[in-house]
Each structure stands twice: as structure tokens, then as C-alpha cells.
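With CSV, C-alpha atoms inside, this is model-v4.csv:
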chain,number,residue,atom,x,y,z
E,227,MET,CA,-32.7,141.8,153.5
E,228,ALA,CA,-30.3,142.2,156.4
E,229,THR,CA,-27.9,145.1,156.4
E,230,GLU,CA,-24.7,146.0,158.3
E,231,THR,CA,-26.7,148.4,160.6
E,232,GLN,CA,-29.4,145.8,161.2
E,233,PRO,CA,-28.2,142.2,161.3
E,234,LEU,CA,-30.5,139.3,161.7
E,235,GLY,CA,-31.4,138.2,165.2
E,236,GLN,CA,-33.2,141.4,166.2
E,237,ASP,CA,-36.9,140.3,166.3
E,238,ALA,CA,-37.3,140.9,170.0
E,239,ALA,CA,-35.5,144.3,169.8
E,240,TRP,CA,-37.7,145.5,167.0
E,241,LEU,CA,-40.9,144.4,168.7
E,242,GLY,CA,-39.8,146.4,171.7
E,243,LYS,CA,-39.3,149.5,169.6
E,244,TYR,CA,-42.7,148.8,167.9
E,245,ASP,CA,-44.4,148.8,171.3
E,246,ASP,CA,-42.8,152.1,172.2
E,247,VAL,CA,-44.0,154.0,169.2
E,248,HIS,CA,-47.1,152.4,167.7
E,249,MET,CA,-50.7,152.8,168.8
E,250,HIS,CA,-51.8,149.6,170.5
E,251,VAL,CA,-54.7,148.9,168.2
E,252,PHE,CA,-53.3,145.7,166.6
E,253,GLY,CA,-51.9,144.0,169.7
E,254,THR,CA,-48.4,142.7,169.7
E,255,PRO,CA,-47.2,141.7,166.3
E,256,LEU,CA,-46.4,138.0,165.9
E,257,ARG,CA,-43.1,138.6,164.1
E,258,VAL,CA,-41.1,141.4,162.4
E,259,LEU,CA,-41.1,140.4,158.7
E,260,ASP,CA,-38.2,141.5,156.5
E,261,HIS,CA,-38.9,140.3,152.9
E,262,GLY,CA,-40.8,137.9,150.8
E,263,GLN,CA,-40.5,136.0,147.5
E,264,GLY,CA,-43.4,134.2,145.9
E,265,MET,CA,-45.4,132.3,148.5
E,266,ARG,CA,-42.8,132.8,151.3
E,267,VAL,CA,-41.7,135.4,153.7
E,268,TRP,CA,-38.7,135.7,156.1
E,269,ASP,CA,-38.6,137.5,159.4
E,270,VAL,CA,-35.6,139.6,160.6
E,271,ASP,CA,-34.2,136.5,162.3
E,272,GLY,CA,-34.1,134.7,158.9
E,273,ASN,CA,-37.0,132.3,159.7
E,274,GLU,CA,-39.0,131.2,156.7
E,275,TYR,CA,-42.8,131.0,156.5
E,276,LEU,CA,-45.2,129.7,153.9
E,277,ASP,CA,-47.8,132.5,153.7
E,278,PHE,CA,-51.4,131.3,153.7
E,279,LEU,CA,-52.9,134.6,154.7
E,280,ALA,CA,-51.5,136.9,152.0
E,281,GLY,CA,-51.7,140.0,154.1
E,282,ILE,CA,-55.4,139.1,154.7
E,283,ALA,CA,-56.3,138.4,151.1
E,284,VAL,CA,-54.2,141.3,149.7
E,285,ASN,CA,-51.1,139.9,148.1
E,286,ALA,CA,-52.8,138.2,145.2
E,287,LEU,CA,-49.4,137.6,143.4
E,288,GLY,CA,-47.5,136.8,146.6
E,289,TYR,CA,-44.3,138.7,147.1
E,290,ALA,CA,-42.0,140.4,144.6
E,291,HIS,CA,-43.7,139.2,141.5
E,292,PRO,CA,-41.4,140.4,138.7
E,293,ASP,CA,-44.3,141.9,136.6
E,294,TRP,CA,-45.7,143.8,139.5
E,295,CYS,CA,-42.3,145.1,140.6
E,296,GLU,CA,-41.4,146.2,137.1
E,297,ALA,CA,-44.8,148.0,136.6
E,298,VAL,CA,-44.4,149.9,139.9
E,299,ALA,CA,-40.8,150.8,139.2
E,300,GLN,CA,-41.5,152.1,135.8
E,301,GLN,CA,-44.5,154.1,136.9
E,302,ALA,CA,-42.5,155.5,139.9
E,303,GLN,CA,-40.0,156.8,137.4
E,304,ARG,CA,-42.8,158.6,135.5
E,305,ALA,CA,-45.0,159.9,138.2
E,306,ALA,CA,-46.0,158.4,141.6
E,307,HIS,CA,-48.7,160.8,142.3
E,308,VAL,CA,-50.7,163.6,140.7
E,309,SER,CA,-53.6,165.5,142.2
E,310,ASN,CA,-57.1,164.8,141.1
E,311,TYR,CA,-57.2,168.1,139.2
E,312,PHE,CA,-55.5,165.9,136.6
E,313,ALA,CA,-56.0,162.4,135.2
E,314,THR,CA,-53.5,159.7,134.2
E,315,LYS,CA,-53.6,156.9,131.7
E,316,PRO,CA,-53.2,154.1,134.3
E,317,GLN,CA,-56.1,155.5,136.2
E,318,ILE,CA,-58.4,155.6,133.1
E,319,GLU,CA,-57.2,152.2,131.9
E,320,LEU,CA,-57.8,150.6,135.3
E,321,ALA,CA,-61.4,152.0,135.7
E,322,THR,CA,-62.2,150.7,132.2
E,323,LYS,CA,-60.8,147.3,133.0
E,324,LEU,CA,-62.7,147.0,136.3
E,325,ILE,CA,-66.0,147.9,134.6
E,326,GLU,CA,-65.3,145.2,132.0
E,327,LEU,CA,-64.4,142.5,134.6
E,328,ALA,CA,-67.5,143.3,136.6
E,329,GLY,CA,-69.7,143.0,133.5
E,330,ALA,CA,-71.2,146.4,134.4
E,331,PRO,CA,-73.5,148.0,131.8
E,332,GLN,CA,-72.8,151.0,129.6
E,333,GLY,CA,-72.7,154.2,131.7
E,334,SER,CA,-71.2,152.5,134.8
E,335,HIS,CA,-68.4,154.4,136.7
E,336,VAL,CA,-65.6,153.8,139.1
E,337,TYR,CA,-64.6,155.7,142.2
E,338,PHE,CA,-61.2,155.0,143.6
E,339,GLY,CA,-60.2,155.2,147.2
E,340,ASN,CA,-57.3,153.7,149.3
E,341,SER,CA,-58.9,150.9,151.3
E,342,GLY,CA,-61.9,148.7,151.8
E,343,ALA,CA,-63.4,151.0,154.5
E,344,GLU,CA,-63.1,154.0,152.1
E,345,ALA,CA,-64.7,151.9,149.3
E,346,ASN,CA,-67.7,151.2,151.6
E,347,GLU,CA,-67.9,154.8,152.8
E,348,ALA,CA,-68.3,155.8,149.1
E,349,GLY,CA,-71.0,153.1,148.6
E,350,LEU,CA,-72.9,154.2,151.7
E,351,LYS,CA,-72.7,157.9,150.7
E,352,MET,CA,-74.1,157.0,147.3
E,353,ALA,CA,-76.9,155.1,149.0
E,354,LYS,CA,-77.7,158.1,151.1
E,355,LEU,CA,-77.9,160.3,148.0
E,356,TYR,CA,-80.1,157.7,146.4
E,357,GLY,CA,-82.3,157.5,149.5
E,358,ALA,CA,-83.0,161.2,149.3
E,359,THR,CA,-84.7,160.5,146.0
E,360,LEU,CA,-87.1,158.1,147.8
E,361,GLN,CA,-88.3,160.6,150.4
E,362,THR,CA,-92.1,160.6,150.9
E,363,ASP,CA,-94.2,163.6,151.5
E,364,ASP,CA,-94.1,163.0,155.3
E,365,ALA,CA,-90.3,162.9,155.0
E,366,ARG,CA,-89.9,159.6,156.9
E,367,PRO,CA,-86.1,158.9,156.9
E,368,TYR,CA,-84.9,156.3,154.4
E,369,ARG,CA,-83.0,153.4,155.8
E,370,ILE,CA,-80.0,151.2,154.9
E,371,LEU,CA,-80.0,147.5,155.9
E,372,ALA,CA,-76.9,145.6,156.9
E,373,LEU,CA,-76.5,142.0,158.0
E,374,THR,CA,-75.6,140.5,161.4
E,375,HIS,CA,-72.0,139.3,161.3
E,376,GLY,CA,-71.1,141.6,158.4
E,377,PHE,CA,-67.9,143.6,158.4
E,378,HIS,CA,-67.5,146.7,156.2
E,379,GLY,CA,-64.7,148.7,157.9
E,380,ARG,CA,-63.8,150.8,160.9
E,381,THR,CA,-64.3,154.4,159.8
E,382,MET,CA,-67.4,156.0,161.2
E,383,GLY,CA,-69.7,155.4,158.2
E,384,ALA,CA,-68.4,151.9,157.5
E,385,LEU,CA,-68.5,151.0,161.2
E,386,SER,CA,-72.1,152.0,161.3
E,387,ALA,CA,-72.8,149.1,158.9
E,388,THR,CA,-70.5,146.7,160.7
E,389,TRP,CA,-72.3,144.4,163.1
E,390,LYS,CA,-69.8,143.3,165.8
E,391,PRO,CA,-70.9,145.1,169.0
E,392,ALA,CA,-67.5,145.1,170.6
E,393,ILE,CA,-66.0,147.4,168.0
E,394,ARG,CA,-69.2,149.5,167.5
E,395,THR,CA,-70.3,150.3,171.0
E,396,PRO,CA,-67.4,152.6,172.1
E,397,PHE,CA,-68.1,154.9,169.2
E,398,GLU,CA,-71.9,155.2,169.3
E,399,PRO,CA,-73.9,157.1,168.4
E,400,LEU,CA,-73.0,156.3,164.8
E,401,VAL,CA,-74.7,157.1,161.5
E,402,PRO,CA,-78.4,156.8,162.1
E,403,ASN,CA,-81.0,154.8,160.1
E,404,ILE,CA,-78.8,151.8,159.5
E,405,GLU,CA,-80.5,148.6,160.7
E,406,PHE,CA,-79.2,145.1,161.1
E,407,VAL,CA,-81.1,142.1,159.8
E,408,GLU,CA,-80.3,138.4,160.6
E,409,ALA,CA,-78.1,137.0,157.9
E,410,ASN,CA,-79.4,134.2,155.8
E,411,ASP,CA,-83.0,134.8,157.0
E,412,LEU,CA,-85.0,135.9,154.0
E,413,ASP,CA,-88.2,136.3,156.0
E,414,ALA,CA,-86.4,138.7,158.3
E,415,MET,CA,-85.1,140.6,155.3
E,416,GLY,CA,-88.6,140.8,153.9
E,417,ALA,CA,-90.0,142.1,157.2
E,418,ALA,CA,-87.2,144.7,157.4
E,419,PHE,CA,-88.5,146.2,154.1
E,420,ALA,CA,-92.0,146.8,155.6
E,421,THR,CA,-92.9,150.5,156.1
E,422,ASP,CA,-96.3,150.1,157.7
E,423,ASP,CA,-94.9,150.6,161.2
E,424,GLY,CA,-93.9,154.2,160.4
E,425,LYS,CA,-90.5,153.5,159.0
E,426,GLY,CA,-89.3,155.1,155.9
E,427,PRO,CA,-88.3,153.3,152.7
E,428,VAL,CA,-85.2,151.1,152.4
E,429,ALA,CA,-82.6,152.8,150.2
E,430,ALA,CA,-80.1,150.0,150.1
E,431,VAL,CA,-78.9,146.7,151.5
E,432,ILE,CA,-75.2,146.2,152.0
E,433,MET,CA,-73.8,142.7,152.3
E,434,GLU,CA,-70.8,140.5,151.9
E,435,LEU,CA,-71.6,137.3,150.0
E,436,ILE,CA,-69.0,135.5,152.1
E,437,GLN,CA,-68.7,137.1,155.5
E,438,GLY,CA,-64.9,137.0,155.9
E,439,GLU,CA,-64.2,138.6,159.3
E,440,ALA,CA,-67.0,136.5,160.8
E,441,GLY,CA,-65.2,133.4,159.9
E,442,VAL,CA,-65.6,132.9,156.2
E,443,LEU,CA,-69.4,132.4,156.4
E,444,PRO,CA,-70.9,132.0,152.9
E,445,LEU,CA,-74.5,133.3,152.4
E,446,ASP,CA,-76.9,130.8,150.8
E,447,ALA,CA,-77.4,131.3,147.1
E,448,GLU,CA,-81.2,131.3,147.5
E,449,TYR,CA,-80.9,134.0,150.1
E,450,ILE,CA,-78.7,136.2,147.9
E,451,ARG,CA,-81.2,135.8,145.0
E,452,GLY,CA,-84.0,136.6,147.4
E,453,VAL,CA,-82.4,139.8,148.6
E,454,ARG,CA,-81.9,140.9,145.0
E,455,ALA,CA,-85.6,140.3,144.3
E,456,LEU,CA,-86.6,142.3,147.4
E,457,CYS,CA,-84.4,145.1,146.3
E,458,ASP,CA,-86.0,145.1,142.9
E,459,GLU,CA,-89.5,144.9,144.3
E,460,HIS,CA,-88.9,147.9,146.7
E,461,ASN,CA,-86.7,150.0,144.4
E,462,ALA,CA,-83.7,149.6,146.7
E,463,LEU,CA,-80.0,149.3,145.9
E,464,MET,CA,-78.0,146.1,146.4
E,465,ILE,CA,-74.5,146.9,147.6
E,466,VAL,CA,-72.1,143.9,147.4
E,467,ASP,CA,-69.0,144.3,149.5
E,468,GLU,CA,-66.3,142.4,147.5
E,469,VAL,CA,-63.4,143.8,149.5
E,470,GLN,CA,-62.3,140.4,150.6
E,471,THR,CA,-63.9,138.2,147.9
E,472,GLY,CA,-63.0,140.2,144.8
E,473,MET,CA,-60.3,139.9,142.1
E,474,GLY,CA,-60.5,136.2,141.6
E,475,ARG,CA,-60.2,135.0,145.1
E,476,THR,CA,-63.4,132.9,145.1
E,477,GLY,CA,-62.8,131.5,141.7
E,478,ALA,CA,-64.6,134.3,139.8
E,479,TRP,CA,-63.5,137.8,139.3
E,480,PHE,CA,-66.2,138.9,141.7
E,481,ALA,CA,-68.2,136.6,144.0
E,482,PHE,CA,-71.5,137.9,142.7
E,483,GLN,CA,-70.6,136.3,139.4
E,484,ARG,CA,-70.5,132.7,140.7
E,485,ASP,CA,-72.6,130.2,138.7
E,486,ASP,CA,-75.1,129.2,141.4
E,487,LEU,CA,-76.4,132.8,141.7
E,488,GLY,CA,-77.9,132.7,138.2
E,489,GLY,CA,-76.5,136.0,137.0
E,490,ILE,CA,-77.6,138.5,139.7
E,491,THR,CA,-76.5,142.1,139.1
E,492,PRO,CA,-75.6,144.4,142.0
E,493,ASP,CA,-76.2,148.1,141.9
E,494,ILE,CA,-72.9,148.9,143.6
E,495,VAL,CA,-69.8,146.8,144.1
E,496,THR,CA,-67.0,147.7,146.5
E,497,PHE,CA,-63.5,146.4,146.2
E,498,ALA,CA,-60.0,146.7,147.7
E,499,LYS,CA,-57.4,144.2,149.2
E,500,GLY,CA,-56.2,142.1,146.2
E,501,VAL,CA,-57.0,144.6,143.5
E,502,ALA,CA,-53.5,146.1,143.5
E,503,GLY,CA,-51.5,143.2,144.8
E,504,GLY,CA,-50.2,144.9,147.9
E,505,PHE,CA,-50.5,148.5,147.0
E,506,PRO,CA,-53.2,150.3,149.1
E,507,MET,CA,-56.2,150.7,146.9
E,508,GLY,CA,-59.9,150.4,147.0
E,509,GLY,CA,-63.0,151.7,145.3
E,510,MET,CA,-66.5,151.1,144.1
E,511,ILE,CA,-68.3,150.5,140.8
E,512,SER,CA,-71.7,152.0,140.3
E,513,PHE,CA,-73.8,150.1,137.8
E,514,GLY,CA,-75.4,152.3,135.1
E,515,GLU,CA,-75.5,156.0,134.2
E,516,LYS,CA,-78.5,157.0,136.4
E,517,LEU,CA,-76.9,155.8,139.6
E,518,SER,CA,-73.5,157.0,138.7
E,519,ALA,CA,-74.8,160.5,138.1
E,520,LEU,CA,-75.6,160.9,141.9
E,521,PHE,CA,-71.9,161.6,142.4
E,522,SER,CA,-71.2,165.0,141.0
E,523,PRO,CA,-68.1,167.3,141.3
E,524,GLY,CA,-67.4,167.9,145.0
E,525,THR,CA,-69.7,165.2,146.3
E,526,HIS,CA,-66.9,163.0,147.3
E,527,GLY,CA,-63.1,162.8,146.9
E,528,SER,CA,-59.7,161.8,148.2
E,529,THR,CA,-56.2,163.1,147.7
E,530,PHE,CA,-54.6,159.8,146.9
E,531,ALA,CA,-57.6,158.2,145.1
E,532,GLY,CA,-56.6,156.5,141.9
E,533,ASN,CA,-53.0,157.7,141.9
E,534,PRO,CA,-50.9,156.4,139.0
E,535,LEU,CA,-48.6,154.3,141.1
E,536,GLY,CA,-51.5,152.3,142.6
E,537,ALA,CA,-53.3,152.1,139.3
E,538,ALA,CA,-50.1,150.7,137.6
E,539,ALA,CA,-49.8,148.1,140.4
E,540,ALA,CA,-53.5,147.1,139.9
E,541,LEU,CA,-53.1,146.8,136.1
E,542,ALA,CA,-50.1,144.6,136.6
E,543,THR,CA,-51.9,142.5,139.2
E,544,ILE,CA,-54.9,142.0,136.9
E,545,GLY,CA,-52.7,141.3,133.9
E,546,VAL,CA,-50.9,138.5,135.7
E,547,ILE,CA,-54.1,137.0,137.0
E,548,GLU,CA,-55.4,136.9,133.4
E,549,ARG,CA,-52.3,135.6,131.7
E,550,GLU,CA,-51.7,132.9,134.3
E,551,GLY,CA,-55.3,131.8,134.6
E,552,LEU,CA,-55.3,132.4,138.3
E,553,VAL,CA,-59.1,132.8,138.6
E,554,ALA,CA,-59.7,129.2,137.4
E,555,GLN,CA,-56.7,128.0,139.4
E,556,ALA,CA,-58.3,129.5,142.6
E,557,ASN,CA,-61.1,127.0,142.1
E,558,GLU,CA,-58.8,124.1,141.6
E,559,ARG,CA,-56.4,124.9,144.4
E,560,GLY,CA,-59.3,125.7,146.8
E,561,GLU,CA,-60.9,122.3,146.2
E,562,GLN,CA,-57.6,120.6,146.7
E,563,LEU,CA,-57.1,122.5,150.0
E,564,ARG,CA,-60.6,121.7,151.4
E,565,THR,CA,-60.5,118.1,150.4
E,566,GLY,CA,-56.9,117.7,151.7
E,567,ILE,CA,-57.6,119.2,155.1
E,568,MET,CA,-60.6,117.0,155.8
E,569,ALA,CA,-58.6,113.9,154.6
E,570,THR,CA,-56.1,114.5,157.4
E,571,ASP,CA,-58.7,113.3,159.9
E,572,ASN,CA,-57.2,115.6,162.4
E,573,PRO,CA,-59.7,115.5,165.4
E,574,LEU,CA,-59.3,119.2,165.9
E,575,PHE,CA,-60.9,119.9,162.5
E,576,ALA,CA,-64.7,119.8,162.5
E,577,SER,CA,-65.3,121.0,159.0
E,578,VAL,CA,-63.9,123.2,156.2
E,579,ARG,CA,-65.9,125.9,154.4
E,580,GLY,CA,-65.3,128.5,151.8
E,581,ARG,CA,-64.9,129.1,148.1
E,582,GLY,CA,-61.9,129.3,145.8
E,583,LEU,CA,-58.9,130.4,147.9
E,584,LEU,CA,-60.9,132.0,150.8
E,585,ASN,CA,-61.5,129.2,153.3
E,586,ALA,CA,-61.9,128.5,157.0
E,587,ILE,CA,-61.3,125.5,159.2
E,588,VAL,CA,-63.9,125.1,161.9
E,589,LEU,CA,-62.4,123.7,165.0
E,590,THR,CA,-63.9,121.3,167.5
E,591,ARG,CA,-62.5,123.4,170.4
E,592,PRO,CA,-62.1,127.2,170.9
E,593,CYS,CA,-58.3,127.2,170.5
E,594,ALA,CA,-57.9,129.2,167.3
E,595,HIS,CA,-55.4,131.7,168.6
E,596,ALA,CA,-53.2,129.0,170.0
E,597,ALA,CA,-53.5,127.2,166.7
E,598,VAL,CA,-52.2,130.2,164.8
E,599,GLY,CA,-49.2,130.4,167.1
E,600,TRP,CA,-48.5,126.7,166.7
E,601,ALA,CA,-48.7,127.0,162.9
E,602,LEU,CA,-46.4,130.0,162.9
E,603,ASP,CA,-43.8,128.1,164.9
E,604,HIS,CA,-44.0,125.4,162.3
E,605,GLY,CA,-43.6,127.8,159.4
E,606,LEU,CA,-47.2,128.5,158.3
E,607,ILE,CA,-49.0,131.8,158.4
E,608,ILE,CA,-52.8,131.7,159.0
E,609,ASN,CA,-55.1,133.7,161.2
E,610,ALA,CA,-58.1,133.3,163.6
E,611,PRO,CA,-61.1,135.5,162.9
E,612,SER,CA,-62.9,133.8,165.8
E,613,PRO,CA,-62.0,131.4,168.7
E,614,THR,CA,-63.2,128.4,166.7
E,615,VAL,CA,-62.2,129.3,163.2
E,616,LEU,CA,-58.9,129.4,161.2
E,617,ARG,CA,-58.8,131.5,158.0
E,618,LEU,CA,-56.7,130.5,155.0
E,619,ALA,CA,-56.4,133.0,152.1
E,620,PRO,CA,-53.1,132.3,150.3
E,621,PRO,CA,-51.9,134.2,147.3
E,622,LEU,CA,-53.6,133.2,144.1
E,623,ILE,CA,-50.3,131.9,142.8
E,624,ALA,CA,-50.4,129.0,145.2
E,625,SER,CA,-49.2,125.8,143.5
E,626,GLU,CA,-50.3,122.2,144.1
E,627,GLN,CA,-47.1,121.7,146.0
E,628,ASP,CA,-47.7,124.7,148.2
E,629,ILE,CA,-51.2,123.5,149.1
E,630,ASN,CA,-49.9,120.0,149.9
E,631,GLU,CA,-47.1,121.5,152.1
E,632,ALA,CA,-49.7,123.6,154.1
E,633,ILE,CA,-52.0,120.5,154.5
E,634,GLY,CA,-49.0,118.6,155.8
E,635,ILE,CA,-48.3,121.1,158.5
E,636,LEU,CA,-52.0,121.4,159.4
E,637,ALA,CA,-52.2,117.6,159.7
E,638,LEU,CA,-49.7,117.6,162.5
E,639,MET,CA,-51.6,120.3,164.6
E,640,PRO,CA,-52.2,118.8,168.1
E,641,ASN,CA,-55.6,118.5,169.6
E,642,ASP,CA,-54.6,119.7,173.1
E,643,LEU,CA,-53.9,123.4,172.3
E,644,ALA,CA,-54.8,125.9,175.0
E,645,THR,CA,-58.4,127.1,174.8
E,646,GLU,CA,-59.5,130.7,174.9
What is this structure when it is put down as C-alpha cells?
Amino acid sequence: MATETQPLGQDAAWLGKYDDVHMHVFGTPLRVLDHGQGMRVWDVDGNEYLDFLAGIAVNALGYAHPDWCEAVAQQAQRAAHVSNYFATKPQIELATKLIELAGAPQGSHVYFGNSGAEANEAGLKMAKLYGATLQTDDARPYRILALTHGFHGRTMGALSATWKPAIRTPFEPLVPNIEFVEANDLDAMGAAFATDDGKGPVAAVIMELIQGEAGVLPLDAEYIRGVRALCDEHNALMIVDEVQTGMGRTGAWFAFQRDDLGGITPDIVTFAKGVAGGFPMGGMISFGEKLSALFSPGTHGSTFAGNPLGAAAALATIGVIEREGLVAQANERGEQLRTGIMATDNPLFASVRGRGLLNAIVLTRPCAHAAVGWALDHGLIINAPSPTVLRLAPPLIASEQDINEAIGILALMPNDLATE
């Protein structure tokens, strides 16, 4: 809210201050946001926006949901943080709930971190420990396979499994023995498992089932099932990165649970973003006792991991999603969104793809960044993961009316926007 010392009308001034003191890793911010309520946010100049990005699939309950605010406030009055020399009830309750939601077997365990990158770091470290158990007599190094167009984070380990050369190359050499395989090409994946050319065994495959940062690219169900079969055949782990797709966003608690996959079971699932409804939290679930036992005291850790404030936020978020039926609603609203966008017959829109409330509009021209600016000027927040793709990932609380309002704005988007 505006205050006496900071009245509305100061967006440009604040952006100037931002530029003076912040590392220039995000570019110039589009606006300086002040507060939000439900599906809407306001900037410091009082302009209102319908948020169809949700902090990049983070704000599952939108802004200032009363249950979330109450849970965080109550926990803050009890204890915001304790060290990992101790445990707290919210931490234990949340881990128990996540194992339940993932359908993980008896003996599965949770590791908490603070972000998606940290979640994938933990998964990759566990895969390396597992790989050490596969070493042959000639000690050929085990390998981890990742997919082209995959994104798993920007820390050094997660970056090593992230495909985009532009963000990888400046930091090479990265973690060795991580190889990239063409996404959606099962023959290429089968060939990558081969060890007759002197390569060591494959310890794990890490993959997003919908490649979010690549432009919301869903992997084929047959391909996903085929990778699971190859992992089983070669005694390798299947790591499913659910950082962007988890917590109900795709119409199931986790994307690996979708009906067309026929009940595949990953070995490791990583999560973050929407799990705590805006509080920084991530982590991984290791399926089964044998795999979980690879992490022993001192193997991994984090000061803030699983702190009670974040755990309380996550429990509140999950509780609202359950009580309000937001997982099923994500399917309904997603179908409404995709159908409605194509029904606009806007010549700029070539197609729409996605699942639940993680969707992308494929454009007929490379003008996505101009389209994002136009949408913002017309009160709608979206983003552009590539020059020809617009991503829409609204809060799970989006109503039928919210979807129709967004479609109405998108329908008016002009076809002559500046190309990139």
C-alpha cells in the first residue's frame, strides 16, 4: 500500500534506484509492484493487473489468501526458524503430506531446500551416490542423461543438466559426465544407454515432463513410458523435475500422475515453486528406503531447509488446494483457456499447448516480448520464454470469469507487433 513517505506515482524513480543497486541479471523490471489480492496486483502507481503468470507458477493461491496469511502469521509468532539440529511439527507434517500426495512407497523420504535449483542439486547428488554403486571393475565413470531444451536451474550442478547453451557456455567446464539426449526421441535415448563404445553405465535420467522454460513443451506419453522402461532395463534412476508442473498445476498433484502415463513411478521427484504458495521452498522426494538411505548425516544440508515458516506456508497452500478442489479445477479452467484462446481467431495465434493451468500460445511471428509489453499495458501479466511463445500460468484459484477476462484481452492483441 502507499505510505506518506512513498506516495503513488513513483514507478520510474524506483526503477532508477533498482538499476543503481541490483545486479543486472534480470534486465530492467517491467514495473515496481506494490501489493496484490486474489488474482490481481497493483504497481506503485496504482495500476491494476490481472496476473496470469503467478510469479512464474509460484503463487498457487494468488495474493494474500486469508488461510495462507493466517498460517504464516501464526507460525511467525511461534518460531520462524530453527536450525536443523532440531525438528518442528510443520516440517514433519509437510514431509508426510508430500509423500502421501506423490503416492510414494513406504520408506520414501523428503529433503527440503529453498528453490528448484537446490531441489535438483539434491537429486543430482543422490544420482551421483547411486552411480557410485554401479561402478564396474574398470571404473568407467557413470553418466547422467538430460534432455535437449530441459531447464533444471542455474547453480553449477543444476546448470550442468540445463541444456540452453547461452546460459551454460560462460561457466564451463561444468560437472562432467552429464550428457544431453534429443527430447522426445526414444531411439536416441536407447542409444545413449549403450556402453559398448567405452562409456560407463547410466546412473540416472533427469527430465521435465513439460519443458516449461523451453516454451511449455509437453513430452509425448509414449516417450515418457519408454524412458521409464529403459531406466528399469538398465538399472538407472528416473528423476522427474516437477518444479514447474507440481502441486496441482497440470491437473494432477504431480505431472507424472496424469492418466495417459499409465501409472509410471519415478525414483526421484523434485519440487518447488507452487509448493509454499509464494514462500521460497523446494525439495525432493526419494522413492523407497534403499534409495533414501544413500543420503546419510552430513551428505547434504542447508541452513534454511524445511524451516517452520516455509513448512507452515506449504501446509496452508496444500490445504486450500485440497479443500477448494483446485487440482480438478486446473483441468477445467485450462481447457476453457485453451479453447477460448483459439476461438478468438486472432491471426497472431498459431496454436495453444499445455496441460491444466500451464499453457503456451505459439505465435505466427517472433514478437513475444512485444506481446508481453502490449498485454501489460492492457492490464494482463504473461511472459515470453522464447520469441514465438507466450506462457500463461495463472494462480490455481482462477475463476471462469478470470479466464474469460484474460481471453478478452488476448483477443485484441494486434498482429503487427515489433518482431525480435
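The residue set within 6 Å of range 330-344 of chain E, counting only C-alpha atoms and dropping same-chain residues fewer than 6 places from it, reads Ala321, Gly379, Ala384, Val469, Ala498, Pro506, Met507, Gly508, Gly509, Met510, Ile511, Ser512, Phe513, Gly514, Glu515, Ala531 and Gly532 of chain E.
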task: For range 618-627 of chain E, please output as a ChimeraX atom specification all residues within 10 Å (counting all atoms listed in the file; exclusion window: fewer than 5 positions along the same chain).
output: /E:264-265,276-289,291,442,470,473-477,500,503,546-547,550-560,562-563,580,582-587,607-610,632-633
query: So which residues touch range 591-593 of chain E within 9 Å, counting all atoms listed in the file, skipping near sequence neighbours fewer than 2 positions away, as a VMD selection string?
result: chain E and resid 574 to 576 588 to 589 595 to 598 612 to 615 641 to 646
- request: Using only C-alpha atoms, find all polymer residues with an atom at most 9 Å away from the point (-35.2, 136.4, 160.3); report them as a PyMOL selection string.
  value: chain E and resi 228+234-237+258-260+268-274
Would you save the residues from that selection as an mmCIF file, in the frame of the given file, using C-alpha atoms?
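As a result, result06.cif now contains:
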data_model
loop_
_atom_site.group_PDB
_atom_site.id
_atom_site.type_symbol
_atom_site.label_atom_id
_atom_site.label_comp_id
_atom_site.auth_asym_id
_atom_site.auth_seq_id
_atom_site.Cartn_x
_atom_site.Cartn_y
_atom_site.Cartn_z
ATOM 1 C CA ALA E 228 -30.300 142.200 156.400
ATOM 2 C CA LEU E 234 -30.500 139.300 161.700
ATOM 3 C CA GLY E 235 -31.400 138.200 165.200
ATOM 4 C CA GLN E 236 -33.200 141.400 166.200
ATOM 5 C CA ASP E 237 -36.900 140.300 166.300
ATOM 6 C CA VAL E 258 -41.100 141.400 162.400
ATOM 7 C CA LEU E 259 -41.100 140.400 158.700
ATOM 8 C CA ASP E 260 -38.200 141.500 156.500
ATOM 9 C CA TRP E 268 -38.700 135.700 156.100
ATOM 10 C CA ASP E 269 -38.600 137.500 159.400
ATOM 11 C CA VAL E 270 -35.600 139.600 160.600
ATOM 12 C CA ASP E 271 -34.200 136.500 162.300
ATOM 13 C CA GLY E 272 -34.100 134.700 158.900
ATOM 14 C CA ASN E 273 -37.000 132.300 159.700
ATOM 15 C CA GLU E 274 -39.000 131.200 156.700
#
message: Neighbouring residues of range 463-468 of chain E were defined as those with any atom within 7 Å, considering all atoms listed in the file; residues of the same chain fewer than 3 positions away were excluded. Please report them as number ranges by chain.
response: E: 429-434, 454, 457, 471-472, 480, 492-497
- prompt: By how many Å are CA of Asp485 in chain E and CA of Leu373 in chain E apart?
  reply: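 Separation between CA of Asp485 in chain E and CA of Leu373 in chain E: 23.0 Å.
Here CA of Ala462 in chain E stands at a distance of 8.9 Å from CA of Tyr356 in chain E.
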message: Quick one: residues within 10 Å of Ala299 in chain E, all atoms listed in the file, excluding same-chain residues fewer than 6 positions away - as JSON, numbers by chain?
response: {"E": [293, 306, 535, 538, 539]}
Could you give me, as a tab-separated table, every range 280-389 of chain E residue with an atom at most 12 Å from range 443-451 of chain E, plus its closest atom pair and distance in Å to one decimal, counting only C-alpha atoms, rows ordered by chain then number?
residue	atom	partner	partner_atom	distance
E:Leu373	CA	E:Leu445	CA	10.5
E:Thr374	CA	E:Leu443	CA	11.4
E:His375	CA	E:Leu443	CA	8.9
E:Gly376	CA	E:Leu443	CA	9.6
E:Phe377	CA	E:Leu443	CA	11.5
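In this structure, CA of Leu541 in chain E sits 19.3 Å away from CA of Phe312 in chain E.
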- prompt: Of the residues E:Asp411, E:Glu326, E:Asp486, E:Ala418, which is the one nearest to Gly452 in chain E, using all atoms listed in the file?
  reply: E:Asp411
message: Just checking: using all atoms listed in the file, which residue out of E:Leu327, E:Val267, E:Ala302, E:Ala345 ends up closest to Gly527 in chain E?
response: E:Ala345
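Distances to Lys243 in chain E were evaluated for E:Ala358, E:Lys351, E:Pro255, E:Gly566 using all atoms listed in the file, and the minimum falls at E:Pro255.
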